[in-house]
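Peer 1: What follows is a structure written as structure tokens; I'll ask about it next.
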Amino acid sequence: MTGKPESKVEVAKRQGRHLRGTIAETLASDATHFGAEDIHLLKFHGTYQQDSRDERRQREAAGEEKAYSFMVRVAIPAGAVTADQYLSLEKIADHHANGTLRVTTRQGFQFHGVLKGNLKDTIAGINQELLTTISACGDVQRNVMGCSAPLADTDHTVVREVADALAKELRPSSRAYHEIWLDGEKRVSSAEEEPFYGERYLPRKFKTAVGLSVDNCVDIYSQDVGLLAIVSEGRIRGFNLLVGGGLGMTHNKADTTARLAEPLGFVSTEHGVEAVRIVAAIFRDHGNRSDRRHARLKYLLAEWGVDRFRDEFRERAAFELGPAVALPPLPFHDHLGRHRQPDGRFFYGVFIQSGRIVETVKSALHQIITQYRPGVHLTGQQNLLLTNLDADGAAAVERILREHQVTPPLELSAARRFSMACPALPTCGLAVAESERAIPDLLDQFEAELSSLGVRDVPLTIRMTGCPNGCARPYTADIAFVGRSLDLYHIYVGGSLAGDRLVDLYRADVPAGELLPAVKPLLARWASERFADEGLGDFYQRIIARPVARTAVTGRETPTFDLVQLQVGR
């Protein structure tokens, strides 16, 4: 705690009667939107109030109010839903939203364009499918990530079980969700209603993932807390407990940082859930509640240091925290294409550009899921896996994709296959630049350039965001374009597909039309001088970057090296 006055959000939470506020009253009124205090509380229920940024000026000039709508997010531990659940969510998108489903980078679904009059039916409809939006947003544990590969081995089963147990353990206890959205019995808020969170919940969002030492498909180092399962001789020995990751920062604020999680210690499998609960409790009790820019767990780690944090953990734990297990670099798999499951059946990973299920890919998935009834698993790379297919079903997936003019994932360029983007404009209130709408054309440009250089199929992560908050995890990518203002971006380079290294600022304030020209010298050197199987980020670190260890990326505005070094042949 800082001793400074609490932020406005903290006041709203404390006075919100355990997430009730006046949401129910406004919901029942003719108002098109909610007031400021309720906006903060709505996030805990899984929804953000937004408006069309494309229409703001026109509506303001006409004396009209903003074009309000809502984003609704579904929390799905480890990203697994049934065929029936997927098809029901598709109907909700068609009836109450803008007709699209969006796969998030945390293995959830998002609806966009929900009007206030449809908000209750949307959330109630999701709940009827035994899914929930509570804890998908807000200052609580967000959706718990877990490896999405549908492998029936013990390791993957344990990952999914722990992810589900974590989601239940740290889900808010308040009855407000049931009262407001499901017409549950109204109750008076009491101190006992949130035995873990209390009246102010956590200081900020809290992101958790359960990963495997044989596959970092959940980007575990970018999490506030991660349970990294140590797999040895075909079984899980326990978890390395990682703490302090987080990728959001603020332009021109050098004291805000992107940071990778670091090992706190090793815990046995049966204590994994309690270990995360203890970390959350330390954050609850000591996190910054006056300045939300410094309210994430990573800033508490930076202030205390890992040794003090470990001591605090051990004081609270009734079990042993051992030394973390040393590991080699974690491998990464995106699970796209056709794969055999241990039971002899198949799963097929479908690429979803920026996670947006729309038009041709939407119709293809509808046909496949309606006809073959596969399980549906969402990935941390905004893609979708169709599971439990027989041989005929697996072959049909690719045939149906082609019939709908959807390129099979293994035929995509590496740059497109590993790309990610946040929604940004026109709906996100934080966006200052385009992202999802801009990245398809940008990838077209990169594909042409990379093909001419002979590196079209070499793994390369390109990520784009409309602001510096890092929703598409830009600060661990080979190349990232982070919105600075309208049509202006910072370019970062030097991360890796494995998500275990942070980037450097390469160029500041680059116009949208000059993004590819700005990195052409680096691409050319990489193509001509790289080692076999050497990614762009690895090449940059070997040739260009200063050989120093970096635990965080700051909001500094000055590139970290002399760009003259990038001329080919230098």
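Simple scheme: letters A, B, ... for chains in structure tokens order, numbers from 1 for residues in each chain, numbers from 1 for ligands in the order shown.
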Let's see if you can do this: from backbone DSSP, list all strand (DSSP E or B) residues in range 423-485 of chain A, as a list in words.

Peer 2: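 Selecting the strand (DSSP E or B) positions of range 423-485 of chain A gives Ile462, Arg463, Met464, Thr465, Ile479, Ala480, Phe481, Val482, Gly483, Arg484 and Ser485 of chain A.
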
Peer 1: If you run DSSP on the backbone here, which positions in range 474-557 of chain A get alpha helix (DSSP H)? Please write them as a ChimeraX atom specification.

Peer 2: /A:515-529,536-543

Peer 1: Just checking: using only C-alpha atoms, which residue out of A:Ile230, A:Val519, A:Gln85, A:Cys428 ends up closest to Gln50 in chain A?

Peer 2: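 Once distances to Gln50 in chain A are computed over only C-alpha atoms, the minimum belongs to A:Cys428.
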
Peer 1: In terms of the shortest atom-to-atom distance over only C-alpha atoms, which of A:Thr360, A:Leu460, A:Gly537, A:Asn216 is closest to Ala498 in chain A?

Peer 2: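 Nearest candidate to Ala498 in chain A out of A:Thr360, A:Leu460, A:Gly537, A:Asn216: A:Asn216.
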
Peer 1: Which residue, A:Glu193, A:Asp478, A:Glu359, A:Glu199, has the smallest gap to Thr100 in chain A when you use only C-alpha atoms?

Peer 2: A:Glu359

Peer 1: Could you give me, as a list in words, the residues within 12 Å of Arg160 in chain A, counting only C-alpha atoms and dropping anything in the same chain fewer than 4 positions from it?

Peer 2: Ile76, Pro77, Ala78, Gly79, Ala80, Val144, Met145, Gly146, Cys147, Ser148, Ala149, Pro150, Leu151, Ala152, Asp153, Thr154, Asp155, His156, Asp164, Ala165, Leu166, Ala167, Ala209, Val210, Gly211, Leu212, Leu227, Ala229 and His377 of chain A

Peer 1: Of the residues A:Glu447, A:Asp54, A:Asp224, A:Glu315, which is the one nearest to Tyr299 in chain A, using only C-alpha atoms?

Peer 2: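 Distance minimum relative to Tyr299 in chain A lands on A:Asp224.
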
Peer 1: So, with only C-alpha atoms as the atoms that count, which of A:Gly375, A:His45, A:Pro263, A:Leu101 lies closest to Leu182 in chain A?

Peer 2: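 Distance minimum relative to Leu182 in chain A lands on A:His45.
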
Peer 1: Compile the contact shell of Asp215 in chain A as a list in words: residues with an atom at most 7 Å away, counting only C-alpha atoms, same-chain residues fewer than 3 positions apart removed.

Peer 2: Leu212, Leu330, Pro331, Phe332 and His333 of chain A

Peer 1: Within 12 Å of Ala527 in chain A, counting only C-alpha atoms, which residues show up once you throw out same-chain ones fewer than 6 positions away? Write them as a list in words, please.

Peer 2: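 The filter keeps Glu449, Leu450, Ser451, Ser452, Leu453, Gly454, Val455, Arg456, Asp457, Val458, Leu460, Lys520, Pro521, Asp533, Glu534, Gly535, Leu536, Phe539, Tyr540, Val568 and Gly569 of chain A.
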
Peer 1: Which is closest to Ile282 in chain A among A:Pro203, A:Gly513, A:Pro5, A:Gly499, if we use only C-alpha atoms?

Peer 2: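 Ranked by minimum distance to Ile282 in chain A, first place goes to A:Pro203.
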
Peer 1: Using only C-alpha atoms, determine which residues lie at most 9 Å from Leu241 in chain A, disregarding the query and same-chain residues fewer than 5 positions distant; provide the list as a list in words.

Peer 2: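 So the residues in contact are Val225, Gly226, Leu227, Leu228, Ala229, Glu262, Pro263, Leu264, Gly265, Phe266, Val267, Gly272, Ala275, Val276 and Ala324 of chain A.
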
Peer 1: Take the residues from that selection and write them out as a PDB file, in the first residue's frame, keeping N, CA, C and O atoms.

Peer 2:
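out_11.pdb was written with the following content:
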ATOM      1  N   VAL A 225       0.664 -14.613 -12.604  1.00  0.00           N
ATOM      2  CA  VAL A 225       1.126 -15.822 -11.921  1.00  0.00           C
ATOM      3  C   VAL A 225       0.915 -17.013 -12.845  1.00  0.00           C
ATOM      4  O   VAL A 225      -0.090 -17.108 -13.549  1.00  0.00           O
ATOM      5  N   GLY A 226       1.893 -17.890 -12.881  1.00  0.00           N
ATOM      6  CA  GLY A 226       1.802 -19.076 -13.718  1.00  0.00           C
ATOM      7  C   GLY A 226       2.185 -20.315 -12.947  1.00  0.00           C
ATOM      8  O   GLY A 226       3.100 -20.290 -12.112  1.00  0.00           O
ATOM      9  N   LEU A 227       1.473 -21.391 -13.209  1.00  0.00           N
ATOM     10  CA  LEU A 227       1.855 -22.714 -12.714  1.00  0.00           C
ATOM     11  C   LEU A 227       2.419 -23.481 -13.902  1.00  0.00           C
ATOM     12  O   LEU A 227       1.679 -23.849 -14.813  1.00  0.00           O
ATOM     13  N   LEU A 228       3.714 -23.672 -13.912  1.00  0.00           N
ATOM     14  CA  LEU A 228       4.377 -24.350 -15.020  1.00  0.00           C
ATOM     15  C   LEU A 228       4.641 -25.792 -14.603  1.00  0.00           C
ATOM     16  O   LEU A 228       5.512 -26.070 -13.770  1.00  0.00           O
ATOM     17  N   ALA A 229       3.867 -26.720 -15.152  1.00  0.00           N
ATOM     18  CA  ALA A 229       3.973 -28.123 -14.782  1.00  0.00           C
ATOM     19  C   ALA A 229       5.301 -28.692 -15.259  1.00  0.00           C
ATOM     20  O   ALA A 229       5.648 -28.581 -16.432  1.00  0.00           O
ATOM     21  N   GLU A 262       8.889 -14.336 -13.169  1.00  0.00           N
ATOM     22  CA  GLU A 262      10.104 -15.038 -12.759  1.00  0.00           C
ATOM     23  C   GLU A 262       9.767 -16.105 -11.724  1.00  0.00           C
ATOM     24  O   GLU A 262       8.748 -16.028 -11.023  1.00  0.00           O
ATOM     25  N   PRO A 263      10.614 -17.127 -11.607  1.00  0.00           N
ATOM     26  CA  PRO A 263      10.308 -18.227 -10.700  1.00  0.00           C
ATOM     27  C   PRO A 263      10.343 -17.785  -9.236  1.00  0.00           C
ATOM     28  O   PRO A 263      11.273 -17.102  -8.805  1.00  0.00           O
ATOM     29  N   LEU A 264       9.312 -18.171  -8.490  1.00  0.00           N
ATOM     30  CA  LEU A 264       9.290 -17.967  -7.046  1.00  0.00           C
ATOM     31  C   LEU A 264       9.735 -19.224  -6.325  1.00  0.00           C
ATOM     32  O   LEU A 264      10.368 -19.156  -5.271  1.00  0.00           O
ATOM     33  N   GLY A 265       9.418 -20.369  -6.883  1.00  0.00           N
ATOM     34  CA  GLY A 265       9.788 -21.633  -6.274  1.00  0.00           C
ATOM     35  C   GLY A 265       9.018 -22.777  -6.890  1.00  0.00           C
ATOM     36  O   GLY A 265       8.355 -22.622  -7.926  1.00  0.00           O
ATOM     37  N   PHE A 266       9.081 -23.926  -6.241  1.00  0.00           N
ATOM     38  CA  PHE A 266       8.437 -25.146  -6.725  1.00  0.00           C
ATOM     39  C   PHE A 266       7.421 -25.614  -5.699  1.00  0.00           C
ATOM     40  O   PHE A 266       7.696 -25.632  -4.493  1.00  0.00           O
ATOM     41  N   VAL A 267       6.223 -25.990  -6.181  1.00  0.00           N
ATOM     42  CA  VAL A 267       5.190 -26.512  -5.291  1.00  0.00           C
ATOM     43  C   VAL A 267       4.704 -27.849  -5.837  1.00  0.00           C
ATOM     44  O   VAL A 267       4.721 -28.084  -7.053  1.00  0.00           O
ATOM     45  N   GLY A 272      -0.955 -26.565  -5.935  1.00  0.00           N
ATOM     46  CA  GLY A 272      -0.900 -25.549  -6.983  1.00  0.00           C
ATOM     47  C   GLY A 272      -1.985 -24.492  -6.839  1.00  0.00           C
ATOM     48  O   GLY A 272      -1.707 -23.283  -6.931  1.00  0.00           O
ATOM     49  N   ALA A 275      -1.359 -22.235  -3.881  1.00  0.00           N
ATOM     50  CA  ALA A 275      -0.217 -21.346  -4.130  1.00  0.00           C
ATOM     51  C   ALA A 275      -0.662 -20.094  -4.877  1.00  0.00           C
ATOM     52  O   ALA A 275      -0.252 -18.970  -4.536  1.00  0.00           O
ATOM     53  N   VAL A 276      -1.501 -20.252  -5.887  1.00  0.00           N
ATOM     54  CA  VAL A 276      -2.004 -19.088  -6.630  1.00  0.00           C
ATOM     55  C   VAL A 276      -2.877 -18.231  -5.714  1.00  0.00           C
ATOM     56  O   VAL A 276      -2.820 -16.990  -5.760  1.00  0.00           O
ATOM     57  N   ALA A 324      12.903 -23.557  -7.436  1.00  0.00           N
ATOM     58  CA  ALA A 324      12.358 -23.791  -8.768  1.00  0.00           C
ATOM     59  C   ALA A 324      13.248 -24.754  -9.543  1.00  0.00           C
ATOM     60  O   ALA A 324      14.474 -24.765  -9.389  1.00  0.00           O
TER      61      ALA A 324
END
